[in-house]
Structure formats: structure tokens, C-alpha cells
>>> print(open('coords-v6.cif').read())   # mmCIF, C-alpha atoms and all ligand atoms
data_coords
#
loop_
_atom_site.label_atom_id
_atom_site.label_comp_id
_atom_site.auth_asym_id
_atom_site.auth_seq_id
_atom_site.Cartn_x
_atom_site.Cartn_y
_atom_site.Cartn_z
CA MET A 1 33.00 24.05 21.21
CA GLY A 2 34.86 23.48 17.93
CA ASP A 3 36.78 20.34 17.17
CA THR A 4 40.04 21.89 18.27
CA TYR A 5 41.24 24.37 20.87
CA THR A 6 43.00 27.43 19.53
CA PRO A 7 45.33 29.03 22.05
CA THR A 8 45.10 32.83 22.00
CA SER A 9 46.67 34.03 18.78
CA GLY A 10 47.89 30.49 18.15
CA VAL A 11 48.00 28.54 14.95
CA LYS A 12 44.48 27.58 13.87
CA GLY A 13 43.73 23.98 12.94
CA ILE A 14 46.18 22.28 15.33
CA LYS A 15 44.30 19.45 17.02
CA GLN A 16 45.19 20.32 20.58
CA SER A 17 43.06 20.34 23.71
CA PRO A 18 43.31 23.02 26.42
CA PRO A 19 45.96 22.60 29.15
CA VAL A 20 45.39 19.47 31.22
CA ASP A 21 43.26 20.16 34.28
CA PHE A 22 44.95 18.11 37.00
CA THR A 23 42.16 18.89 39.46
CA LYS A 24 39.71 17.05 37.21
CA PRO A 25 39.64 13.35 38.04
CA TYR A 26 39.92 10.75 35.29
CA ASP A 27 38.57 7.23 35.53
CA VAL A 28 40.90 4.34 34.72
CA ALA A 29 37.73 2.31 33.97
CA TRP A 30 37.47 4.30 30.71
CA LEU A 31 40.22 1.93 29.49
CA LYS A 32 38.00 -1.14 29.85
CA ASP A 33 37.89 -3.16 26.61
CA LYS A 34 40.38 -0.88 24.84
CA HIS A 35 43.01 -2.83 22.92
CA ILE A 36 46.51 -1.45 23.49
CA ILE A 37 50.02 -2.21 22.22
CA ILE A 38 52.94 -1.35 24.50
CA THR A 39 56.51 -1.75 23.30
CA GLY A 40 59.18 -2.38 25.93
CA GLY A 41 56.75 -3.67 28.56
CA ALA A 42 58.77 -6.68 29.74
CA SER A 43 60.97 -5.11 32.41
CA PRO A 44 58.92 -5.72 35.60
CA GLU A 45 60.11 -2.53 37.31
CA GLY A 46 59.96 -0.37 34.18
CA PHE A 47 57.28 2.05 33.00
CA GLY A 48 55.83 -0.31 30.39
CA ALA A 49 55.00 -3.06 32.87
CA GLY A 50 53.60 -0.36 35.20
CA PHE A 51 51.16 0.68 32.46
CA VAL A 52 50.22 -2.94 31.75
CA ARG A 53 49.56 -3.70 35.43
CA LYS A 54 47.24 -0.71 35.96
CA TRP A 55 45.46 -0.90 32.63
CA ALA A 56 44.96 -4.67 32.73
CA ALA A 57 43.45 -4.33 36.22
CA ALA A 58 40.95 -1.89 34.66
CA GLY A 59 39.94 -4.43 32.00
CA ALA A 60 41.99 -3.29 28.99
CA SER A 61 43.36 -5.91 26.63
CA ILE A 62 47.06 -5.48 26.06
CA VAL A 63 49.83 -6.76 23.82
CA VAL A 64 53.36 -6.30 25.08
CA GLY A 65 56.11 -6.29 22.43
CA ASP A 66 59.62 -6.61 23.82
CA ILE A 67 62.99 -7.99 22.79
CA ASN A 68 63.38 -9.88 26.06
CA THR A 69 61.23 -13.00 25.68
CA LYS A 70 62.13 -14.72 28.94
CA VAL A 71 61.39 -11.72 31.16
CA GLY A 72 58.44 -10.60 29.02
CA ASP A 73 56.70 -13.99 29.21
CA GLN A 74 57.12 -14.07 32.98
CA THR A 75 55.95 -10.46 33.48
CA VAL A 76 52.82 -11.08 31.42
CA ARG A 77 52.11 -14.33 33.29
CA ASP A 78 52.50 -12.53 36.65
CA ILE A 79 50.23 -9.66 35.59
CA ARG A 80 47.54 -12.07 34.37
CA LYS A 81 47.63 -13.75 37.76
CA GLU A 82 47.65 -10.47 39.75
CA THR A 83 44.81 -8.87 37.78
CA GLY A 84 42.79 -11.93 36.75
CA ASN A 85 42.82 -10.48 33.21
CA GLU A 86 43.64 -13.14 30.61
CA LYS A 87 43.68 -10.61 27.77
CA VAL A 88 47.34 -9.70 28.32
CA HIS A 89 49.69 -11.12 25.69
CA PHE A 90 53.39 -11.14 24.92
CA VAL A 91 54.92 -10.98 21.44
CA GLN A 92 58.67 -11.08 20.98
CA CYS A 93 59.70 -7.93 19.08
CA ASP A 94 62.90 -6.08 18.37
CA VAL A 95 61.73 -2.54 17.63
CA ARG A 96 64.82 -1.94 15.46
CA ASP A 97 63.58 -4.54 13.00
CA TRP A 98 60.74 -3.43 10.69
CA LEU A 99 59.40 -6.96 10.05
CA SER A 100 59.47 -7.74 13.74
CA GLN A 101 57.23 -4.70 14.37
CA VAL A 102 54.97 -5.61 11.43
CA ASN A 103 54.51 -9.01 13.10
CA LEU A 104 53.77 -7.38 16.49
CA PHE A 105 50.91 -5.33 15.00
CA ARG A 106 49.56 -8.32 13.01
CA GLU A 107 49.52 -10.49 16.13
CA ALA A 108 47.90 -7.69 18.12
CA VAL A 109 45.08 -7.38 15.59
CA LYS A 110 44.57 -11.18 15.69
CA VAL A 111 43.99 -11.19 19.45
CA SER A 112 41.97 -7.96 19.54
CA PRO A 113 38.50 -8.53 21.07
CA HIS A 114 37.01 -6.10 18.53
CA GLY A 115 39.38 -6.46 15.58
CA GLY A 116 41.18 -3.15 16.00
CA ILE A 117 43.83 -1.28 17.99
CA ASP A 118 42.84 1.71 20.16
CA CYS A 119 46.19 2.86 21.48
CA VAL A 120 49.90 2.37 20.84
CA VAL A 121 52.53 3.24 23.42
CA ALA A 122 56.04 3.61 21.96
CA ASN A 123 57.88 2.94 25.20
CA ALA A 124 60.85 0.64 24.37
CA GLY A 125 64.13 2.40 24.96
CA VAL A 126 67.75 1.98 25.96
CA ALA A 127 70.46 4.11 27.50
CA GLY A 128 74.04 3.41 28.43
CA ILE A 129 77.65 4.33 27.92
CA GLU A 130 77.81 6.17 24.64
CA PRO A 131 80.58 6.17 22.05
CA LEU A 132 80.53 9.86 21.14
CA GLN A 133 81.78 11.14 24.46
CA MET A 134 84.01 8.32 25.61
CA PRO A 135 87.45 9.65 26.62
CA ALA A 136 89.17 9.88 23.24
CA ASN A 137 92.22 7.71 22.52
CA LEU A 138 94.32 10.13 20.50
CA ASP A 139 97.08 7.55 19.87
CA VAL A 140 95.19 5.95 16.96
CA PRO A 141 95.07 7.32 13.40
CA GLU A 142 91.29 7.79 13.56
CA PRO A 143 88.30 6.80 15.70
CA LYS A 144 86.30 3.60 15.08
CA LYS A 145 82.84 3.77 13.55
CA PRO A 146 80.49 4.49 16.50
CA ASN A 147 77.66 2.20 17.56
CA PHE A 148 74.29 3.94 17.16
CA LYS A 149 72.10 1.39 18.95
CA VAL A 150 70.52 4.12 21.09
CA ILE A 151 69.32 5.91 17.94
CA GLU A 152 68.16 2.63 16.36
CA VAL A 153 66.00 1.69 19.37
CA ASN A 154 64.88 5.10 20.66
CA LEU A 155 64.33 6.87 17.36
CA ILE A 156 64.20 4.51 14.35
CA GLY A 157 62.26 1.96 16.45
CA VAL A 158 59.77 4.66 17.52
CA LEU A 159 59.36 5.84 13.91
CA TYR A 160 58.56 2.25 12.82
CA THR A 161 56.06 1.95 15.70
CA VAL A 162 54.39 5.24 14.78
CA HIS A 163 54.25 4.40 11.07
CA LEU A 164 52.42 1.15 11.85
CA ALA A 165 50.27 2.82 14.51
CA LEU A 166 49.00 5.50 12.11
CA PHE A 167 47.91 2.74 9.71
CA TRP A 168 46.26 0.42 12.22
CA LEU A 169 44.64 3.15 14.33
CA GLN A 170 42.87 4.56 11.28
CA LYS A 171 41.71 1.02 10.42
CA ASN A 172 40.32 0.57 13.94
CA PRO A 173 36.66 -0.37 13.26
CA GLY A 174 34.21 2.15 14.70
CA SER A 175 36.87 4.72 15.62
CA LYS A 176 36.38 8.36 14.67
CA SER A 177 38.74 11.26 14.14
CA CYS A 178 39.90 12.54 17.53
CA SER A 179 38.10 15.51 18.99
CA ILE A 180 38.21 17.52 22.20
CA ASN A 181 34.43 17.10 22.43
CA THR A 182 34.69 13.33 22.93
CA ASP A 183 33.13 11.97 26.10
CA PRO A 184 35.84 9.60 27.41
CA SER A 185 33.32 7.62 29.46
CA THR A 186 31.41 6.53 26.36
CA ASN A 187 34.09 6.73 23.67
CA LYS A 188 34.87 3.05 23.26
CA ARG A 189 37.07 3.14 20.14
CA ASP A 190 40.08 5.42 20.20
CA ARG A 191 43.07 6.37 18.03
CA HIS A 192 45.82 7.27 20.47
CA ILE A 193 49.61 7.34 20.18
CA LEU A 194 51.49 7.86 23.42
CA LEU A 195 55.15 8.75 22.96
CA VAL A 196 57.72 8.35 25.71
CA GLY A 197 60.17 11.21 25.64
CA SER A 198 62.27 12.37 28.55
CA LEU A 199 63.45 15.51 30.23
CA ALA A 200 66.29 14.92 27.73
CA SER A 201 63.69 15.84 25.06
CA ILE A 202 63.62 19.43 26.23
CA GLY A 203 67.07 19.97 27.71
CA PRO A 204 70.63 18.71 27.55
CA ILE A 205 71.71 15.44 29.14
CA ILE A 206 75.38 15.43 30.01
CA SER A 207 77.60 12.80 28.32
CA GLN A 208 74.61 11.17 26.54
CA PRO A 209 74.50 12.90 23.14
CA LEU A 210 72.82 9.98 21.39
CA TYR A 211 70.14 9.61 24.06
CA GLY A 212 69.55 13.38 24.02
CA THR A 213 69.36 13.37 20.21
CA SER A 214 66.92 10.44 20.17
CA LYS A 215 64.59 11.99 22.75
CA HIS A 216 64.69 15.42 21.06
CA GLY A 217 63.71 13.51 17.92
CA VAL A 218 60.75 11.95 19.74
CA LEU A 219 59.60 15.40 20.86
CA GLY A 220 59.91 16.67 17.26
CA LEU A 221 57.81 13.71 16.16
CA PHE A 222 55.16 14.53 18.77
CA ARG A 223 54.93 18.16 17.69
CA THR A 224 54.73 17.25 14.02
CA LEU A 225 52.10 14.53 14.53
CA ARG A 226 50.05 16.88 16.65
CA ALA A 227 50.17 19.58 13.99
CA SER A 228 49.15 17.16 11.24
CA SER A 229 46.56 15.09 13.13
CA PHE A 230 43.79 16.63 11.00
CA ILE A 231 45.06 14.25 8.26
CA ASP A 232 44.75 10.95 10.16
CA GLY A 233 42.49 11.82 13.11
CA CYS A 234 44.91 10.23 15.57
CA ARG A 235 45.58 11.99 18.86
CA THR A 236 49.20 12.07 20.02
CA ASN A 237 50.44 12.85 23.52
CA ILE A 238 53.89 12.63 25.10
CA ILE A 239 55.27 11.99 28.57
CA CYS A 240 58.71 13.32 29.45
CA PRO A 241 59.90 11.77 32.73
CA TYR A 242 62.88 13.04 34.67
CA PHE A 243 65.25 10.39 36.15
CA ILE A 244 63.19 7.56 37.62
CA GLU A 245 64.84 4.57 39.26
CA THR A 246 64.10 1.76 36.81
CA PRO A 247 66.60 -0.83 35.52
CA MET A 248 67.48 1.72 32.81
CA VAL A 249 69.30 3.89 35.35
CA PRO A 250 72.53 2.08 36.28
CA THR A 251 74.50 2.43 39.50
CA ALA A 252 76.65 5.16 37.97
CA GLY A 253 73.51 7.17 37.14
CA ARG A 254 72.14 6.66 40.65
CA LEU A 255 75.45 7.84 42.12
CA ILE A 256 75.34 11.01 40.04
CA LEU A 257 71.83 11.65 41.35
CA ALA A 258 72.75 10.93 44.97
CA GLY A 259 71.65 13.81 47.21
CA GLY A 260 69.28 15.08 44.51
CA ALA A 261 65.84 13.78 43.77
CA SER A 262 64.33 11.35 41.32
CA GLY A 263 60.75 10.67 40.30
CA ARG A 264 58.55 7.64 40.92
CA VAL A 265 57.24 5.05 38.46
CA GLU A 266 53.72 5.42 39.92
CA ASP A 267 53.61 9.10 38.92
CA VAL A 268 54.72 8.21 35.39
CA VAL A 269 51.94 5.60 35.28
CA ASP A 270 49.46 8.17 36.60
CA ALA A 271 50.39 10.71 33.88
CA ALA A 272 50.28 8.08 31.10
CA THR A 273 46.96 6.72 32.36
CA ARG A 274 45.31 10.15 32.33
CA LEU A 275 46.48 10.80 28.75
CA THR A 276 45.39 7.35 27.57
CA ALA A 277 42.07 7.07 29.41
CA ASP A 278 40.84 10.60 28.69
CA SER A 279 40.26 10.59 24.93
CA SER A 280 39.45 14.31 24.95
CA ILE A 281 43.14 15.10 25.63
CA LEU A 282 44.85 15.87 22.33
CA GLY A 283 48.42 16.94 21.71
CA ARG A 284 49.60 17.55 25.26
CA GLY A 285 52.96 16.88 26.92
CA LEU A 286 53.49 16.01 30.58
CA CYS A 287 56.78 16.09 32.46
CA ILE A 288 57.10 13.85 35.52
CA GLY A 289 59.58 14.78 38.24
CA PRO A 290 60.10 14.18 41.94
CA LYS A 291 57.01 14.78 44.06
CA ALA A 292 57.44 18.11 45.86
CA ARG A 293 55.30 20.65 47.70
CA VAL A 294 55.21 23.79 45.57
CA LYS A 295 53.28 27.02 45.34
CA GLN A 296 52.91 29.49 42.52
CA GLU A 297 54.47 32.95 42.86
CA GLY A 298 53.65 35.02 39.81
CA ASP A 299 54.78 32.99 36.80
CA ASP A 300 57.10 30.91 38.93
CA PHE A 301 56.79 27.86 41.18
CA VAL A 302 58.74 27.69 44.44
CA LEU A 303 59.13 24.96 47.05
CA SER A 304 56.80 25.56 49.97
CA GLU A 305 55.83 23.40 52.94
CA ASN A 306 52.21 24.56 52.63
CA GLY A 307 52.08 24.21 48.87
CA GLU A 308 50.29 21.55 46.81
CA GLU A 309 52.02 18.19 46.23
CA LYS A 310 53.04 17.99 42.59
CA ALA A 311 54.98 15.51 40.46
CA ILE A 312 53.35 16.01 37.05
CA TRP A 313 53.77 19.24 35.09
CA GLU A 314 52.47 20.34 31.74
CA ILE A 315 55.18 21.15 29.18
CA TYR A 316 54.74 22.50 25.70
CA ALA A 317 51.31 23.50 26.92
CA ASP A 318 50.95 26.45 24.60
CA ASP A 319 54.21 26.26 22.73
CA PHE A 320 52.71 27.85 19.66
CA VAL A 321 51.98 30.89 21.83
CA ASP A 322 54.86 31.13 24.28
CA THR A 323 57.87 28.96 23.47
CA GLU A 324 57.54 29.30 19.77
CA ILE A 325 56.96 32.99 19.40
CA PHE A 326 59.50 33.01 16.60
CA THR A 327 57.69 30.20 14.74
CA GLN A 328 54.40 31.98 15.18
CA ARG A 329 55.77 35.26 13.82
CA PHE A 330 57.45 33.45 10.95
CA ILE A 331 54.25 31.57 10.02
CA ARG A 332 52.36 34.86 10.13
CA ILE A 333 54.86 36.34 7.66
CA LEU A 334 54.60 33.28 5.38
CA ASN A 335 50.79 33.47 5.49
CA GLY A 336 51.01 37.21 4.76
CA ILE A 337 53.18 36.56 1.67
CA ALA A 338 50.72 33.89 0.45
CA SER A 339 47.78 36.24 0.87
CA VAL A 340 49.56 39.07 -1.02
CA LYS A 341 50.36 36.66 -3.88
CA GLY A 342 46.72 35.51 -3.95
CA TRP A 343 45.26 33.07 -6.51
CA TYR A 344 47.31 34.57 -9.35
CA GLY A 345 50.53 33.80 -7.44
CA PHE A 346 49.30 30.31 -6.61
CA GLY A 347 48.51 29.57 -10.26
CA ARG A 348 51.88 30.87 -11.46
CA ASP A 349 53.81 28.80 -8.84
CA ALA A 350 51.72 25.67 -9.51
CA PHE A 351 52.37 26.01 -13.25
CA ALA A 352 56.12 26.42 -12.60
CA ALA A 353 56.09 23.32 -10.33
CA ILE A 354 54.35 21.18 -12.98
CA LYS A 355 56.75 22.47 -15.65
CA TYR A 356 59.67 21.54 -13.39
CA GLY A 357 58.18 18.03 -12.91
CA ILE A 358 57.97 17.52 -16.69
CA PHE A 359 61.07 19.29 -18.03
CA GLY A 360 63.28 19.41 -14.95
N1 LIG A 401 63.96 5.57 33.79
C1 LIG A 401 64.15 6.83 33.48
O1 LIG A 401 64.77 7.60 34.21
C2 LIG A 401 63.56 7.39 32.21
C3 LIG A 401 63.41 8.77 32.11
C4 LIG A 401 62.86 9.30 30.95
C5 LIG A 401 62.46 8.47 29.93
N2 LIG A 401 62.62 7.12 30.04
C6 LIG A 401 62.16 6.30 28.91
O2 LIG A 401 61.15 5.42 29.35
C7 LIG A 401 61.11 4.27 28.51
C8 LIG A 401 61.05 3.02 29.37
O3 LIG A 401 62.24 2.94 30.14
P1 LIG A 401 62.33 2.29 31.60
O4 LIG A 401 62.92 3.29 32.48
O5 LIG A 401 61.04 1.67 31.94
O6 LIG A 401 63.49 1.22 31.33
P2 LIG A 401 63.52 -0.38 31.39
O7 LIG A 401 64.92 -0.72 31.04
O8 LIG A 401 62.95 -0.86 32.66
O9 LIG A 401 62.54 -0.82 30.19
C9 LIG A 401 62.91 -0.72 28.84
C10 LIG A 401 62.29 -1.90 28.10
O10 LIG A 401 62.61 -1.76 26.69
C11 LIG A 401 62.95 -3.06 26.20
N3 LIG A 401 63.78 -2.94 25.00
C12 LIG A 401 65.07 -2.52 24.90
N4 LIG A 401 65.51 -2.62 23.63
C13 LIG A 401 64.46 -3.10 22.90
C14 LIG A 401 64.29 -3.43 21.53
N5 LIG A 401 65.27 -3.28 20.64
N6 LIG A 401 63.08 -3.89 21.12
C15 LIG A 401 62.06 -4.07 22.03
N7 LIG A 401 62.18 -3.79 23.33
C16 LIG A 401 63.37 -3.31 23.76
C17 LIG A 401 63.71 -3.70 27.35
O11 LIG A 401 63.78 -5.13 27.21
C18 LIG A 401 62.86 -3.25 28.55
O12 LIG A 401 61.82 -4.16 28.82
C19 LIG A 401 62.33 4.38 27.61
O13 LIG A 401 61.94 4.88 26.35
C20 LIG A 401 63.20 5.38 28.33
O14 LIG A 401 64.07 6.07 27.45
C21 LIG A 401 63.15 6.56 31.17
#
>>> encode(input="coords-v6.cif", output="C-alpha cells", more="lines below")
Ligand SMILES: NC(=O)c1ccc[n+]([C@@H]2O[C@H](COP(=O)([O-])OP(=O)(O)OC[C@H]3O[C@@H](n4cnc5c(N)ncnc54)[C@H](O)[C@@H]3O)[C@@H](O)[C@H]2O)c1
Amino acid sequence: MGDTYTPTSGVKGIKQSPPVDFTKPYDVAWLKDKHIIITGGASPEGFGAGFVRKWAAAGASIVVGDINTKVGDQTVRDIRKETGNEKVHFVQCDVRDWLSQVNLFREAVKVSPHGGIDCVVANAGVAGIEPLQMPANLDVPEPKKPNFKVIEVNLIGVLYTVHLALFWLQKNPGSKSCSINTDPSTNKRDRHILLVGSLASIGPIISQPLYGTSKHGVLGLFRTLRASSFIDGCRTNIICPYFIETPMVPTAGRLILAGGASGRVEDVVDAATRLTADSSILGRGLCIGPKARVKQEGDDFVLSENGEEKAIWEIYADDFVDTEIFTQRFIRILNGIASVKGWYGFGRDAFAAIKYGIFG
């Protein structure tokens, strides 16, 4: 099999593996001795700490970077005790601050058992009451400057994390460019970025425009990194959980969800573990929702008492084929124009570009 999987009539060269086969078991032991950075892993009931707990129990070495030192120190101490794994560390880090993240990666390399970093999980995030859709006070001459903390943490912070990850993952000694032909049971050194999006990455989230914007941005980052992974050899995957009851979801949020359904942290951990442990998975996105019995009817899924239990769904599985038919057609037209212009056209445009660079 080639180094990449090309969906039927898809865009060639995208480093993407075939749709995730959920019937195929993965082994969490594949994470043994991998060195992993997780941002936002302090909150004991949050996703990050869930990843640390499971992966530390499997023998991974982990560095948690979080703004909350008191809680982070305690969580790491508890997990060391629970798992008997001493290779779990805490580094205070505010993801909004570039130097703070530089320090997190430096410290992580210092404590790495093999001198490199195999995986980076950009998990830190915030949500809350947002300024853009507060009831407007129209009795003032103009609104105050809004606070964009949600964007700073969830988007700028993730971009800093990814920028550092792309550097350190390529420097990971003994790691190779990602490939779908990798055997995850023997592939010791990895180059994996796991992004944490949300259902708000693929749909609207009412009254949370900044959160929705930040998570759409994370999805855009995922799709771009996936398309350009031939440059750096790093594999990128994304999880997009629906509402899950962690400290991020306040009472008001839980009240809005009352009578509906929310997902479970353990299913989020399961999805993230599969993507992280199985190094042959490249460029895939998983959505995690409430566990439900469903069966397939044609192209659709419907609730059914006799159906299979399912909480994890593939999204953007073949977006270059289905969701992005427009993009595909457009790229085909662009490629067609380039081929009509040929080498003569390339030379003429390149000459014009150089001339522009010199004379403006
Ligand atoms: N809980 C949900 O319903 C849900 C759904 C979809 C996506 N998510 C995403 O999952 C991720 C984890 O959220 P969670 O539900 O586990 O919430 P959580 O509140 O339990 O954990 C978030 C962690 O991020 C840390 N953090 C916040 N600001 C930080 C900063 N500036 N620098 C470093 N660390 C910082 C917090 O201290 C905390 O430990 C977030 O990116 C969130 O947007 C959550």
C-alpha cells in the first residue's frame, strides 16, 4: 500500500488513512514509553486528566502543562500514586503566553526518557459567558472593548502549542515521517498532534460566538495540517466531543441540556487513546456523543433497541470526497488551468513574480 490513502477521486498526496475501523481493537500498551505533552490536564474530572490516567497506567511518560498549579500538582501526584508511574510531571503553563509554552516544551524534553517528544495534545480550553451576545445596554454611547480570552486560550494558545509541536516532533530522535503502513505495536517513536475541537467545530453553538469561532478555527487548523503533513511528516488527528459533564460545563449549561443527553469522559478518552496509540491513523476526526443504540438504514443512522451501542462517530471521514465537493471541483479546475498553461506559463509567471519582487 502507498504511504497515503487516496479516497475515490479525492485529492492525491493528502496524508490520510482510511476511515477508522472501530471493530478493530487497539492496544493501549502501544503507548508504553511514549513521551507525551498534554495541555490543560490539571482538572481532575476533565478530559486531559482522563488521558493522563489511562496513558500513565499503560507506561507512557507524560508532562502536563496547565495554568492551575495547585490543582495540577495534586492531580499529577494522585495519578502517580494510582498508576505507580513516576514519569508523570507537572509544569505550570499559561497557553496564552508564548514564553510559558516554550518553557513547557523545554522542560518536557529535559525529562524525556529518550530525549524527544512523541505526541502533543492541545487540550487546554475555556468557555463561559461571552461578551458578544450579552444583552446589549443601548443606553451607553458605544459598547466596551470585548474580552477575547476564549480566543486567546482556545485558538492562539493552540496555535502556539502546534507551532512548538511541529518543531519538537520533527526533532524527535529516531522518529520517521508518518505513514499508514506503520505497525503501531513496534513503532516506538511517533510524531502525533491531537487537537481537541468540539461539536462546535462543525456546527453552531448558541450564544457562544467566540467559543464557536475558536473551535471552527481548530478544525481549520486540523484540515490544513493534515493536507500539508507531507512537509513535516507529523500526523494530526482531532476529537470533537459533544457536551460532556466536566467542570467546563456550568450549571446553566447543564440546565439547558436537562432532558437531553450528554456524552461521557470515558468515551472521549477511548477515542483519544485509539488515535494516539494507533500510529497508522493519520488525519482523521472523531465526534464523541452520548452512547446510544443505533442501526444503519441506508445512509442514515436511527435509534434502535437492537442496534449496536455507539458513542464515537467518524466525522470529516472523506471530506475531500463528500463534504467538500465544491473544493474538489474547484481544485480540479485550478489544476486544469495549470496544465493548460504548462511550463511556458509557469516560466512567464515565475519571471513576473521575480520582477515584482525586485521592482515592485
Ligand atoms: N466538556 C465539554 O463538553 C467539551 C466539549 C467539547 C470540547 N471540549 C474541549 O475539551 C477541552 C478540555 O475541556 P474539559 O471539558 O476537560 O474542561 P476542564 O475545565 O475540566 O479542563 C480544562 C483545563 O484547561 C486548563 N486551562 C484553562 N485555561 C488555561 C490556560 N490559559 N493555560 C493552560 N491551561 C488552561 C484548566 O485549568 C483546566 O485544567 C477544552 O479544549 C474544551 O473546549 C469540552
>>> closest_atom_pairs(input="coords-v6.cif", of="chain A", to="ligand LIG 401 (chain A)", cutoff="6 Å", atoms="all atoms listed in the file", output="Markdown table")
| residue | atom | partner | partner_atom | distance |
| --- | --- | --- | --- | --- |
| A:Gly40 | CA | A:LIG401 | O10 | 3.6 |
| A:Gly41 | CA | A:LIG401 | O12 | 5.1 |
| A:Ala42 | CA | A:LIG401 | O12 | 4.1 |
| A:Ser43 | CA | A:LIG401 | O12 | 3.8 |
| A:Glu45 | CA | A:LIG401 | O8 | 5.7 |
| A:Gly46 | CA | A:LIG401 | O5 | 3.2 |
| A:Phe47 | CA | A:LIG401 | O5 | 3.9 |
| A:Gly48 | CA | A:LIG401 | O5 | 5.8 |
| A:Asp66 | CA | A:LIG401 | N7 | 3.8 |
| A:Ile67 | CA | A:LIG401 | C15 | 4.1 |
| A:Asn68 | CA | A:LIG401 | O11 | 4.9 |
| A:Cys93 | CA | A:LIG401 | C15 | 5.4 |
| A:Asp94 | CA | A:LIG401 | N6 | 3.5 |
| A:Val95 | CA | A:LIG401 | N6 | 4.0 |
| A:Arg96 | CA | A:LIG401 | N5 | 5.4 |
| A:Asn123 | CA | A:LIG401 | O13 | 4.6 |
| A:Ala124 | CA | A:LIG401 | O10 | 3.8 |
| A:Gly125 | CA | A:LIG401 | O13 | 3.6 |
| A:Val126 | CA | A:LIG401 | C12 | 5.3 |
| A:Val153 | CA | A:LIG401 | N5 | 5.2 |
| A:Val196 | CA | A:LIG401 | O13 | 5.5 |
| A:Gly197 | CA | A:LIG401 | C5 | 5.6 |
| A:Ser198 | CA | A:LIG401 | C4 | 3.9 |
| A:Cys240 | CA | A:LIG401 | C4 | 6.0 |
| A:Pro241 | CA | A:LIG401 | C4 | 4.2 |
| A:Tyr242 | CA | A:LIG401 | C3 | 5.0 |
| A:Phe243 | CA | A:LIG401 | O1 | 3.4 |
| A:Ile244 | CA | A:LIG401 | O1 | 3.8 |
| A:Glu245 | CA | A:LIG401 | N1 | 5.6 |
| A:Thr246 | CA | A:LIG401 | O4 | 4.7 |
| A:Pro247 | CA | A:LIG401 | O8 | 4.6 |
| A:Met248 | CA | A:LIG401 | O7 | 4.0 |
| A:Val249 | CA | A:LIG401 | N1 | 5.8 |
>>> atom_distance(input="coords-v6.cif", atom1="CA of Ala127 in chain A", atom2="CA of Leu257 in chain A")
15.8 Å
>>> residues_around(input="coords-v6.cif", residues="Cys119 in chain A", least_positions_apart="2", cutoff="12 Å", atoms="all atoms listed in the file", output="MDAnalysis selection string")
chainID A and resid 31 33:39 55 60:63 105 108:109 112 116:117 121:122 161:162 164:170 172 175 188:195 234:237 272:273 275:279
>>> closest_residue(input="coords-v6.cif", among="A:Gly157, A:Asp267, A:Pro184, A:Gly233", to="Val218 in chain A", atoms="all atoms listed in the file")
A:Gly157
>>> atom_distance(input="coords-v6.cif", atom1="CA of Thr182 in chain A", atom2="CA of Asp232 in chain A")
16.4 Å
>>> residues_around(input="coords-v6.cif", residues="range 302-309 of chain A", least_positions_apart="2", cutoff="6 Å", atoms="only C-alpha atoms", output="PyMOL selection string")
chain A and resi 292-295
>>> atom_distance(input="coords-v6.cif", atom1="CA of Val91 in chain A", atom2="CA of Glu107 in chain A")
7.6 Å
>>> axis_aligned_box(input="coords-v6.cif", around="range 157-162 of chain A", padding_each_side="3 Å", output="AutoDock Vina command-line options")
--center_x 58.3 --center_y 3.9 --center_z 15.2 --size_x 13.9 --size_y 9.9 --size_z 10.7
>>> residues_around(input="coords-v6.cif", residues="Ala200 in chain A", least_positions_apart="4", cutoff="7 Å", atoms="only C-alpha atoms", output="PDB file with C-alpha atoms, in the coordinates of the input")
ATOM      1  CA  PRO A 204      70.630  18.710  27.550  1.00  0.00           C
ATOM      2  CA  ILE A 205      71.710  15.440  29.140  1.00  0.00           C
ATOM      3  CA  GLY A 212      69.550  13.380  24.020  1.00  0.00           C
ATOM      4  CA  LYS A 215      64.590  11.990  22.750  1.00  0.00           C
ATOM      5  CA  HIS A 216      64.690  15.420  21.060  1.00  0.00           C
TER       6      HIS A 216
END
